[in-house]
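Remarks on the structure that follows.
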Amino acid sequence: EGTARPLAAFLRPVARAEYARFTEATGRPATLCRERASLLRMVSPRDWTRPGFEQGDRDPVVCVSVDDAQAYAQWLGRRDGHRYRLPTVAEAARLPPAPGRALSEWRADCVDECSSRRTAGTSWRSDDGARVLDGARGYDDVAFRLVREL
């Protein structure tokens, strides 16, 4: 399987202000966010700018898809010349828990040919610490942090 490369991990999930700089620079549209399909969510759509609860600039960005997180990682890498990515479940097991509100975090691990992705950690919405979710949509209780290969 090869030798694992050394990694540097972000100590906290990516913050709303950091993600806002990315969307302003790239024009990336917001991914719709919902825990489950409902008429209310159709009438009042939610996204990372309006997740359905109060957040400040330093709070973790939620309501982003795996593709959004990976696009952020590529953008950040182009800016500073490093290689960033989502951690795997095994790598993330060594990371300290994020401070603040309990949030699950996206992981690089694929399920069903990558149409679904694993999350790690319990959240304020779910006690399941290893959910498999649709990676194409955002969730109001799922954030992301990155690792950088050294």
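As shown in the structure tokens, the chain order sets the letters A, B, ...; within each chain, residues go from 1, and ligands are also counted from 1 in the order they appear.
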Open item on the list: Using DSSP secondary structure from the backbone, list all strand (DSSP E) positions within chain A, as a PyMOL selection string.
Closed with: chain A and resi 7-9+84-85+104-111+116-120+132-134+142-143+147-149
Hey, which bits of segment 29-111 of chain A sit within 7 Å of segment 8-19 of chain A, and for each residue what's the closest pair of atoms and how far apart in Å (one decimal), counting only C-alpha atoms, rows by chain and increasing number, as JSON lines?
{"residue": "A:Asp57", "atom": "CA", "partner": "A:Ala17", "partner_atom": "CA", "distance": 4.7}
{"residue": "A:Arg58", "atom": "CA", "partner": "A:Ala15", "partner_atom": "CA", "distance": 5.2}
{"residue": "A:Asp59", "atom": "CA", "partner": "A:Ala15", "partner_atom": "CA", "distance": 5.3}
{"residue": "A:Pro60", "atom": "CA", "partner": "A:Ala15", "partner_atom": "CA", "distance": 4.2}
{"residue": "A:Val61", "atom": "CA", "partner": "A:Arg16", "partner_atom": "CA", "distance": 4.5}
{"residue": "A:Pro96", "atom": "CA", "partner": "A:Leu11", "partner_atom": "CA", "distance": 6.9}
{"residue": "A:Ala98", "atom": "CA", "partner": "A:Arg12", "partner_atom": "CA", "distance": 5.3}
- [ ] DSSP on the backbone, then: every residue of chain A marked helix (DSSP H, G or I), written as a count of residues only.
- [x] 35
Open item on the list: What's around Val111 of chain A at 8 Å? Count only C-alpha atoms, leave out sequence neighbours fewer than 6 positions away in its own chain, and write the answer as a list of chain:residue names.
Closed with: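 Final neighbour list, sorted by chain and number: A:Arg117, A:Arg118, A:Val132.
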Same residues, all heavy atoms, output as a PDB file, in the first residue's frame:
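Wrote out-v4.pdb, looks like this:
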ATOM      1  N   ARG A 117     -20.451  10.013   0.284  1.00  0.00           N
ATOM      2  CA  ARG A 117     -19.197  10.219   1.008  1.00  0.00           C
ATOM      3  C   ARG A 117     -19.419   9.972   2.488  1.00  0.00           C
ATOM      4  O   ARG A 117     -20.506  10.157   3.007  1.00  0.00           O
ATOM      5  CB  ARG A 117     -18.686  11.652   0.826  1.00  0.00           C
ATOM      6  CG  ARG A 117     -18.233  11.979  -0.555  1.00  0.00           C
ATOM      7  CD  ARG A 117     -17.005  11.170  -0.939  1.00  0.00           C
ATOM      8  NE  ARG A 117     -16.571  11.545  -2.258  1.00  0.00           N
ATOM      9  CZ  ARG A 117     -15.357  11.994  -2.548  1.00  0.00           C
ATOM     10  NH1 ARG A 117     -14.448  12.112  -1.620  1.00  0.00           N
ATOM     11  NH2 ARG A 117     -15.053  12.312  -3.780  1.00  0.00           N
ATOM     12  N   ARG A 118     -18.340   9.607   3.139  1.00  0.00           N
ATOM     13  CA  ARG A 118     -18.392   9.389   4.580  1.00  0.00           C
ATOM     14  C   ARG A 118     -18.203  10.711   5.306  1.00  0.00           C
ATOM     15  O   ARG A 118     -17.516  11.598   4.842  1.00  0.00           O
ATOM     16  CB  ARG A 118     -17.299   8.422   5.003  1.00  0.00           C
ATOM     17  CG  ARG A 118     -17.495   7.046   4.440  1.00  0.00           C
ATOM     18  CD  ARG A 118     -16.743   6.005   5.240  1.00  0.00           C
ATOM     19  NE  ARG A 118     -16.864   4.701   4.625  1.00  0.00           N
ATOM     20  CZ  ARG A 118     -17.914   3.901   4.739  1.00  0.00           C
ATOM     21  NH1 ARG A 118     -18.935   4.276   5.459  1.00  0.00           N
ATOM     22  NH2 ARG A 118     -17.951   2.739   4.137  1.00  0.00           N
ATOM     23  N   VAL A 132     -23.037   8.067   6.039  1.00  0.00           N
ATOM     24  CA  VAL A 132     -22.772   8.088   4.599  1.00  0.00           C
ATOM     25  C   VAL A 132     -23.843   8.983   4.002  1.00  0.00           C
ATOM     26  O   VAL A 132     -25.036   8.702   4.128  1.00  0.00           O
ATOM     27  CB  VAL A 132     -22.825   6.668   3.990  1.00  0.00           C
ATOM     28  CG1 VAL A 132     -22.670   6.741   2.487  1.00  0.00           C
ATOM     29  CG2 VAL A 132     -21.747   5.786   4.607  1.00  0.00           C
TER      30      VAL A 132
END
Which residues are close to segment 22-36 of chain A, i.e. within 10 Å by only C-alpha atoms, leaving aside same-chain residues fewer than 5 positions away? Reply as an mmCIF file with N, CA, C and O atoms, in the first residue's frame.
data_model
loop_
_atom_site.group_PDB
_atom_site.id
_atom_site.type_symbol
_atom_site.label_atom_id
_atom_site.label_comp_id
_atom_site.auth_asym_id
_atom_site.auth_seq_id
_atom_site.Cartn_x
_atom_site.Cartn_y
_atom_site.Cartn_z
ATOM 1 N N ARG A 16 -16.484 30.416 7.902
ATOM 2 C CA ARG A 16 -17.347 31.109 6.927
ATOM 3 C C ARG A 16 -16.598 32.228 6.208
ATOM 4 O O ARG A 16 -16.738 32.397 5.005
ATOM 5 N N ALA A 17 -15.813 33.031 6.933
ATOM 6 C CA ALA A 17 -15.091 34.148 6.311
ATOM 7 C C ALA A 17 -14.071 33.634 5.301
ATOM 8 O O ALA A 17 -13.903 34.232 4.229
ATOM 9 N N ARG A 41 -38.326 23.958 2.824
ATOM 10 C CA ARG A 41 -37.006 24.181 2.242
ATOM 11 C C ARG A 41 -37.106 24.589 0.779
ATOM 12 O O ARG A 41 -36.219 25.247 0.258
ATOM 13 N N MET A 42 -38.184 24.198 0.101
ATOM 14 C CA MET A 42 -38.396 24.618 -1.290
ATOM 15 C C MET A 42 -38.786 26.094 -1.333
ATOM 16 O O MET A 42 -38.362 26.832 -2.195
ATOM 17 N N PRO A 45 -35.179 28.393 0.494
ATOM 18 C CA PRO A 45 -33.963 27.589 0.333
ATOM 19 C C PRO A 45 -32.840 28.064 1.265
ATOM 20 O O PRO A 45 -32.734 29.239 1.574
ATOM 21 N N ARG A 46 -32.036 27.114 1.682
ATOM 22 C CA ARG A 46 -30.907 27.399 2.547
ATOM 23 C C ARG A 46 -29.611 27.065 1.813
ATOM 24 O O ARG A 46 -29.576 26.180 0.968
ATOM 25 N N ASP A 47 -28.553 27.782 2.184
ATOM 26 C CA ASP A 47 -27.225 27.502 1.661
ATOM 27 C C ASP A 47 -26.210 27.970 2.689
ATOM 28 O O ASP A 47 -26.593 28.337 3.799
ATOM 29 N N TRP A 48 -24.935 27.991 2.340
ATOM 30 C CA TRP A 48 -23.913 28.319 3.340
ATOM 31 C C TRP A 48 -24.063 29.738 3.874
ATOM 32 O O TRP A 48 -23.657 30.011 4.993
ATOM 33 N N THR A 49 -24.673 30.627 3.093
ATOM 34 C CA THR A 49 -24.862 32.003 3.558
ATOM 35 C C THR A 49 -26.074 32.130 4.480
ATOM 36 O O THR A 49 -26.154 33.068 5.258
ATOM 37 N N ARG A 50 -27.022 31.182 4.368
ATOM 38 C CA ARG A 50 -28.247 31.165 5.176
ATOM 39 C C ARG A 50 -28.555 29.722 5.588
ATOM 40 O O ARG A 50 -29.448 29.085 5.039
ATOM 41 N N PRO A 51 -27.817 29.192 6.568
ATOM 42 C CA PRO A 51 -28.014 27.784 6.923
ATOM 43 C C PRO A 51 -29.255 27.503 7.770
ATOM 44 O O PRO A 51 -29.566 26.353 8.031
ATOM 45 N N GLY A 52 -29.944 28.559 8.199
ATOM 46 C CA GLY A 52 -31.135 28.351 9.017
ATOM 47 C C GLY A 52 -30.902 28.655 10.481
ATOM 48 O O GLY A 52 -31.790 28.465 11.305
ATOM 49 N N VAL A 62 -20.930 25.580 6.915
ATOM 50 C CA VAL A 62 -21.733 24.372 6.736
ATOM 51 C C VAL A 62 -22.527 24.549 5.445
ATOM 52 O O VAL A 62 -22.479 25.596 4.820
ATOM 53 N N CYS A 63 -23.261 23.533 5.068
ATOM 54 C CA CYS A 63 -24.074 23.584 3.841
ATOM 55 C C CYS A 63 -23.204 23.650 2.589
ATOM 56 O O CYS A 63 -23.558 24.315 1.614
ATOM 57 N N VAL A 64 -22.060 22.983 2.626
ATOM 58 C CA VAL A 64 -21.223 22.871 1.439
ATOM 59 C C VAL A 64 -21.087 21.395 1.084
ATOM 60 O O VAL A 64 -21.043 20.538 1.961
ATOM 61 N N SER A 65 -21.032 21.112 -0.198
ATOM 62 C CA SER A 65 -20.905 19.736 -0.680
ATOM 63 C C SER A 65 -19.436 19.308 -0.662
ATOM 64 O O SER A 65 -18.530 20.121 -0.460
ATOM 65 N N ASP A 67 -17.835 18.462 -3.334
ATOM 66 C CA ASP A 67 -17.242 19.179 -4.469
ATOM 67 C C ASP A 67 -16.860 20.604 -4.079
ATOM 68 O O ASP A 67 -15.819 21.107 -4.505
ATOM 69 N N ASP A 68 -17.698 21.271 -3.290
ATOM 70 C CA ASP A 68 -17.370 22.616 -2.812
ATOM 71 C C ASP A 68 -16.087 22.577 -1.982
ATOM 72 O O ASP A 68 -15.200 23.419 -2.141
ATOM 73 N N ALA A 71 -13.102 21.959 -4.222
ATOM 74 C CA ALA A 71 -12.798 23.166 -5.003
ATOM 75 C C ALA A 71 -12.098 24.197 -4.127
ATOM 76 O O ALA A 71 -11.156 24.868 -4.571
ATOM 77 N N TYR A 72 -12.521 24.318 -2.876
ATOM 78 C CA TYR A 72 -11.860 25.224 -1.938
ATOM 79 C C TYR A 72 -10.404 24.793 -1.738
ATOM 80 O O TYR A 72 -9.493 25.621 -1.757
ATOM 81 N N ALA A 73 -10.182 23.498 -1.546
ATOM 82 C CA ALA A 73 -8.826 22.977 -1.338
ATOM 83 C C ALA A 73 -7.929 23.278 -2.550
ATOM 84 O O ALA A 73 -6.778 23.690 -2.382
ATOM 85 N N TRP A 75 -8.347 25.708 -4.789
ATOM 86 C CA TRP A 75 -8.166 27.162 -4.841
ATOM 87 C C TRP A 75 -7.096 27.603 -3.835
ATOM 88 O O TRP A 75 -6.197 28.373 -4.170
ATOM 89 N N LEU A 76 -7.179 27.094 -2.622
ATOM 90 C CA LEU A 76 -6.201 27.443 -1.596
ATOM 91 C C LEU A 76 -4.801 27.007 -2.020
ATOM 92 O O LEU A 76 -3.834 27.756 -1.865
ATOM 93 N N ARG A 125 -27.207 17.367 15.131
ATOM 94 C CA ARG A 125 -28.398 16.768 14.543
ATOM 95 C C ARG A 125 -28.393 15.241 14.618
ATOM 96 O O ARG A 125 -29.437 14.611 14.600
ATOM 97 N N ALA A 136 -23.129 15.350 -3.065
ATOM 98 C CA ALA A 136 -23.433 16.436 -3.994
ATOM 99 C C ALA A 136 -24.235 17.560 -3.347
ATOM 100 O O ALA A 136 -24.477 18.576 -3.983
ATOM 101 N N ARG A 137 -24.654 17.375 -2.111
ATOM 102 C CA ARG A 137 -25.437 18.440 -1.476
ATOM 103 C C ARG A 137 -24.842 18.825 -0.135
ATOM 104 O O ARG A 137 -24.012 18.117 0.425
ATOM 105 N N GLY A 138 -25.269 19.954 0.368
ATOM 106 C CA GLY A 138 -24.784 20.441 1.650
ATOM 107 C C GLY A 138 -25.720 20.057 2.778
ATOM 108 O O GLY A 138 -26.910 19.810 2.557
ATOM 109 N N TYR A 139 -25.189 20.021 3.964
ATOM 110 C CA TYR A 139 -25.957 19.688 5.167
ATOM 111 C C TYR A 139 -25.648 20.732 6.232
ATOM 112 O O TYR A 139 -24.498 21.174 6.362
ATOM 113 N N ASP A 140 -26.660 21.095 7.004
ATOM 114 C CA ASP A 140 -26.473 22.152 7.998
ATOM 115 C C ASP A 140 -25.708 21.703 9.233
ATOM 116 O O ASP A 140 -25.409 22.505 10.105
ATOM 117 N N ASP A 141 -25.342 20.432 9.289
ATOM 118 C CA ASP A 141 -24.562 19.932 10.426
ATOM 119 C C ASP A 141 -23.259 19.261 9.981
ATOM 120 O O ASP A 141 -22.668 18.486 10.719
#
Open item on the list: Report, in Å to a single decimal, how far apart atom CA of Asp112 of chain A and atom CA of Asp134 of chain A are.
Closed with: 10.0 Å
